[in-house]
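Each remark here refers to the structure printed beneath this line.
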Amino acid sequence: MQSLAYGSWPSPIDAALAAAHDGQPEFVGFVGDEAWWTEPRPTEGGRRTLVRRRVGGREESVLPAPWNVRSRVIEYGGRPWAGTAVDGEPLVVFVNFADQRLYRYEPDRDPRPLTPVSSVGGGLRWAEPQLRLDRGEVWCVLEEFTGEGPSDLRRVLVAVPLDGSAAEDRDTVRELTDERHRFVTGPRISPDGQRAAWLAWDHPRMPWDGTELIVADVTEDGTLRQPRTVAGGPEESIAQADWAPDCSLLYASDRDGWWNLYRDGTPVCPREEEFGGPLWKLGQRWFAPLDSGLIAVVHGRGASALGVLDPETGEVVDAAGPWTEFAATLAVHGERVVAVGASPRSAQEVVELDTRTGRARVIGAEHDDAVDPAYYPEPQIRTFTGPAGRDIHAHIYPPHNPGCVSLGDELPPYVVWAHGGPTSRVPLVLDLEIAYFTSRGIGVAEVNYGGSTGYGREYRNRLREQWGVVDVEDCAAVAQALAYEGTADPARLAIRGGSAGGWTSAASLASTDVYACGTIIYPILDLTGWGTGETHDFESQYLESLVGPLAEVPGRYAERSPAEHADRVTVPFLLLQGLDDVICPPAQCERFLERMAGRGVPHAYLTFEGEGHGFRRAETMIRVLESELSLYAQVFGLHPQGIPTQELST
């Protein structure tokens, strides 16, 4: 056991290892008896591939590089594939990221395009495909750009011919709905084929503010007739809807303050916990009805377990196993349930639950300890007290290395991590990026500040018109509490975050004196610019609820924007930006840096070609982690081993 200063502990978890294990399986499904899913490939340009698990247990990547199974609908994407078995062989349709066309795939044949290319604006984009073999069609969401602006578009439900006839002819795509709603999810068809259900909402609402559940009749000629709203509204968020085997309508609504399950309008398991979540990607699933009438559910409060709900009794039986967090993706086949689970000791794995036996097992993307798990962090779940006595939920990761202890009574440096969204939360799972720091002697505090999901609508609503206030205060309260109790060195505190977390990081540096430095990743920095056309359509009016109507409170937009108060930033920072980011564009960073010019504050601005909103390439993630560690080393007086120095300019 070595006695070494914090930040200088030798660690086998380098940036390349952390980057190689970034990302998670997503969008699970069944093709016949086989489980399929998408999976990241950071070392292959950050693409996502489609993986199948054959009945015998062998995993294989279905599509080689450069195929990239990922949709850009609402920019955050949605379910990009669907499949079935025809005469025992897979028939799959998928969205390819590069051209956003929908393709048909069958083994031993090259993928064939089903949809055309459009040169107008962002083109044609597709999500949540569903095969309708009885009609020879794929039903899905179409996002169609009508001009060059980010909001020059329309979204409708459509039927795409499965024979490829629409590959060169947009007119052969049959539209199922009109444009009465700005946003729609893919339709779910009742077991008897008589009805379709989908969600819809309009600006300025986000889907976690209020959505409508729409039901329409499916006619013999495959059209949707008499659409009507059966639940939801401006202040009721329905996160997901589906049909039970008996054709009753199931949905997750937060009408009573928590996303709970309802069957034909009647609650089936009223609890103060969540059976749904924020709909950031079309096709997320928190529940799936089984043939038996039971319902597979992802549920919890501040965490999420996989369980099976009996809608007759309201009883939930959770799957046994080491997983403490499950993602919003589920698929069922007979009595089998496939999900994605993780824990503080394991990354995300594809898990199968047999509801007849209660046995759960890993069937894909199995976690493999790339290093001795003794180097993994040992997190603490904590609740802190913030301003006005409000609770603040956080995960604390103290420095941890099996071969090192600190020198004397030295207190460790800590970095506060502010999550993105901001309507989201951080799950308590193994993250080698966190381990990269904790194994070197730097603590991490992940804060689920007010506005985060997982704790009910009241907690979520704390951020309404308070973005840049509550999130900043809550992060600072956690940092100061750690310092006050002797857990962290008050002189060596930092903050970091990406997207909305980048906003919180920058706003914290501009409005508090808590932190000695900060890392700001693809951030929002100028509210007025972002709220007047500098972002994509999905979030273009998000600030109406987060900050307030721009026409009514323009001063608030200016007062809270770090770009307007660059003179208040006096500590070193690192600014990281993808040059292809259309959600938080580089222009925001550039304006901020123009106002920092000549002020003598040490900083570095790193940009990455080919990266958008969220870094996906291994080489990018390596540079980001090493530069971030270098920043902390220079500011905190640390001596990490083998880390290149990131030059800071003034």
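Order determines the names: the first chain of the structure tokens is A, the second B, and so forth; residues in each chain are numbered 1 upward, and ligands are numbered 1 upward as they are shown.
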field: Contact residues around Glu106 of chain A with only C-alpha atoms at 12 Å, ignoring same-chain residues under 6 positions, as JSON, numbers by chain
entry: {"A": [31, 62, 63, 83, 84, 85, 86, 87, 88, 89, 90, 91, 92, 93, 94, 112]}
Would you mind exporting the chosen residues as a compact mmCIF listing (two decimals), in the first residue's frame, restricted to C-alpha atoms?
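Everything below was put into again-v6.txt:
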```txt
# COMPACT_ATOMS: atom_id res chain seq x y z
CA VAL A 31 -36.90 -11.44 -34.46
CA VAL A 62 -25.40 -8.19 -38.37
CA LEU A 63 -24.22 -5.16 -40.32
CA GLY A 83 -37.83 -7.24 -37.51
CA THR A 84 -39.71 -10.50 -37.82
CA ALA A 85 -39.06 -14.03 -38.99
CA VAL A 86 -40.38 -15.14 -42.38
CA ASP A 87 -40.06 -18.86 -43.08
CA GLY A 88 -37.55 -19.03 -40.26
CA GLU A 89 -35.31 -16.27 -41.65
CA PRO A 90 -34.97 -12.67 -40.40
CA LEU A 91 -36.63 -9.83 -42.25
CA VAL A 92 -35.42 -6.55 -40.76
CA VAL A 93 -35.88 -2.88 -41.60
CA PHE A 94 -33.51 -0.26 -40.19
CA ARG A 112 -31.97 -2.39 -50.02
```
query: What lies within 9 Å of Ala494 of chain A using only C-alpha atoms, ignoring chain neighbours under 5 positions off, as an MDAnalysis selection string?
result: chainID A and resid 413:417 479 514:519 632
Selection above as a file: N, CA and C atoms, as a PDB file, in the first residue's frame:
```pdb
ATOM      1  N   PRO A 413      -9.523  16.341  -3.836  1.00  0.00           N
ATOM      2  CA  PRO A 413     -10.291  17.189  -4.752  1.00  0.00           C
ATOM      3  C   PRO A 413     -11.548  16.457  -5.188  1.00  0.00           C
ATOM      4  N   TYR A 414     -12.583  17.207  -5.517  1.00  0.00           N
ATOM      5  CA  TYR A 414     -13.845  16.629  -5.986  1.00  0.00           C
ATOM      6  C   TYR A 414     -14.338  17.389  -7.212  1.00  0.00           C
ATOM      7  N   VAL A 415     -14.955  16.634  -8.123  1.00  0.00           N
ATOM      8  CA  VAL A 415     -15.583  17.222  -9.297  1.00  0.00           C
ATOM      9  C   VAL A 415     -17.082  16.931  -9.231  1.00  0.00           C
ATOM     10  N   VAL A 416     -17.893  17.980  -9.287  1.00  0.00           N
ATOM     11  CA  VAL A 416     -19.342  17.832  -9.342  1.00  0.00           C
ATOM     12  C   VAL A 416     -19.753  17.614 -10.789  1.00  0.00           C
ATOM     13  N   TRP A 417     -20.478  16.554 -11.040  1.00  0.00           N
ATOM     14  CA  TRP A 417     -20.974  16.254 -12.387  1.00  0.00           C
ATOM     15  C   TRP A 417     -22.438  16.660 -12.472  1.00  0.00           C
ATOM     16  N   ALA A 479     -21.574  20.420  -3.243  1.00  0.00           N
ATOM     17  CA  ALA A 479     -20.134  20.658  -3.153  1.00  0.00           C
ATOM     18  C   ALA A 479     -19.761  21.256  -1.804  1.00  0.00           C
ATOM     19  N   VAL A 514     -17.687  28.902  -5.824  1.00  0.00           N
ATOM     20  CA  VAL A 514     -17.504  27.596  -5.182  1.00  0.00           C
ATOM     21  C   VAL A 514     -16.375  26.806  -5.820  1.00  0.00           C
ATOM     22  N   TYR A 515     -16.194  26.961  -7.143  1.00  0.00           N
ATOM     23  CA  TYR A 515     -15.327  26.059  -7.890  1.00  0.00           C
ATOM     24  C   TYR A 515     -14.027  26.738  -8.318  1.00  0.00           C
ATOM     25  N   ALA A 516     -12.968  25.940  -8.318  1.00  0.00           N
ATOM     26  CA  ALA A 516     -11.661  26.445  -8.738  1.00  0.00           C
ATOM     27  C   ALA A 516     -11.463  26.332 -10.237  1.00  0.00           C
ATOM     28  N   CYS A 517     -12.286  25.535 -10.913  1.00  0.00           N
ATOM     29  CA  CYS A 517     -12.207  25.387 -12.367  1.00  0.00           C
ATOM     30  C   CYS A 517     -13.435  24.613 -12.833  1.00  0.00           C
ATOM     31  N   GLY A 518     -13.560  24.448 -14.156  1.00  0.00           N
ATOM     32  CA  GLY A 518     -14.711  23.728 -14.676  1.00  0.00           C
ATOM     33  C   GLY A 518     -14.464  23.174 -16.068  1.00  0.00           C
ATOM     34  N   THR A 519     -15.208  22.126 -16.397  1.00  0.00           N
ATOM     35  CA  THR A 519     -15.177  21.526 -17.730  1.00  0.00           C
ATOM     36  C   THR A 519     -16.564  21.663 -18.331  1.00  0.00           C
ATOM     37  N   TYR A 632      -7.444  19.644 -14.207  1.00  0.00           N
ATOM     38  CA  TYR A 632      -7.493  19.511 -12.752  1.00  0.00           C
ATOM     39  C   TYR A 632      -6.090  19.423 -12.166  1.00  0.00           C
TER      40      TYR A 632
END
```
task: Could you tell me which of A:Ser561, A:Thr532, A:Ser248, A:Thr211 comes closest to Gly233 of chain A if we count only C-alpha atoms?
output: A:Thr211
query: What's the 10 Å shell around Leu279 of chain A, counting only C-alpha atoms, without same-chain residues fewer than 2 positions away, as a list in words?
result: Gly78, Thr185, Met206, Pro207, Trp208, Ser237, Ile238, Ala239, Gln240, Gly276, Gly277, Lys281, Leu282, Gly283, Gln284, Arg285, Ala328, Thr423 and Ser424 of chain A
- prompt: Per DSSP on the backbone, what are the strand (DSSP E) residues of segment 42-289 of chain A, as number ranges by chain?
  reply: A: 47-53, 59-61, 81-86, 89-95, 102-105, 112-113, 124-132, 137-145, 153-161, 174-175, 183-184, 188-189, 195-201, 212-218, 224-232, 238-243, 249-253, 260-263, 266-267, 287-289
task: Please provide as number ranges by chain all residues within 8 Å of Thr329 of chain A, with the sequence filter that same-chain residues fewer than 2 positions apart are discarded (counting only C-alpha atoms).
output: A: 26-28, 284-286, 327, 331, 339-340
Convert the current residue selection to file output with C-alpha atoms, as a compact mmCIF listing (two decimals), in the first residue's frame.
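Result file follows (out.txt):
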```txt
# COMPACT_ATOMS: atom_id res chain seq x y z
CA GLU A 26 -30.27 -0.11 -26.75
CA PHE A 27 -33.59 -0.78 -28.49
CA VAL A 28 -33.93 -4.48 -27.72
CA GLN A 284 -38.55 4.18 -25.34
CA ARG A 285 -40.45 1.51 -23.39
CA TRP A 286 -41.00 1.27 -19.64
CA ALA A 327 -32.93 1.31 -19.10
CA ALA A 331 -39.21 -6.45 -25.48
CA ALA A 339 -34.17 -5.63 -21.02
CA VAL A 340 -30.91 -3.76 -20.43
```
statement: Between A:Ala587, A:Leu294, A:Ala394, A:Val635, smallest distance to Tyr449 of chain A by only C-alpha atoms belongs to A:Ala394
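Distances from A:Pro602, A:Gly186, A:Gly468, A:Pro387 to Tyr557 of chain A were compared using only C-alpha atoms, and the smallest one belongs to A:Gly468.
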message: Can you tell me which residues surround Ala597 of chain A at a distance of at most 10 Å, considering only C-alpha atoms, apart from same-chain residues fewer than 4 positions away, and format the answer as an NGL selection string?
response: :A and (566-567 or 592-593 or 601 or 650)
Residues near Leu124 of chain A, cut-off 7 Å, only C-alpha atoms, skip fewer than 5 positions along chain, as a ChimeraX atom specification: /A:100,117-118,143-145
Output N, CA, C and O atoms of each residue in that selection to a file, as a CSV table (one decimal), in the first residue's frame.
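Dumped to part.csv:
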```csv
chain,number,residue,atom,x,y,z
A,100,GLN,N,-30.0,8.5,-43.5
A,100,GLN,CA,-31.3,8.5,-42.9
A,100,GLN,C,-32.4,7.8,-43.7
A,100,GLN,O,-33.6,8.0,-43.4
A,117,VAL,N,-34.2,9.8,-50.9
A,117,VAL,CA,-33.4,10.9,-50.3
A,117,VAL,C,-34.0,12.2,-50.8
A,117,VAL,O,-34.5,12.4,-51.9
A,118,SER,N,-34.1,13.2,-49.8
A,118,SER,CA,-34.5,14.5,-50.1
A,118,SER,C,-33.4,15.5,-49.9
A,118,SER,O,-32.7,15.4,-48.9
A,143,GLU,N,-40.3,12.3,-40.3
A,143,GLU,CA,-40.0,13.7,-40.1
A,143,GLU,C,-39.5,14.2,-41.4
A,143,GLU,O,-38.4,13.8,-41.9
A,144,GLU,N,-40.2,15.2,-42.0
A,144,GLU,CA,-39.9,15.7,-43.3
A,144,GLU,C,-39.6,17.2,-43.3
A,144,GLU,O,-40.4,18.0,-42.9
A,145,PHE,N,-38.4,17.5,-43.7
A,145,PHE,CA,-38.0,19.0,-43.8
A,145,PHE,C,-38.6,19.6,-45.0
A,145,PHE,O,-38.6,19.0,-46.1
```
message: From a backbone DSSP assignment, name each residue in segment 359-581 of chain A labelled helix (DSSP H, G or I), as an MDAnalysis selection string.
response: chainID A and resid 373:375 387:389 432:438 457:463 470:484 500:511 527:530 543:546 554:560 562:568
Shortest interatomic distance to Arg135 of chain A - which of A:Glu312, A:Asp221, A:Asp171, A:Asp108, counting only C-alpha atoms: A:Asp221
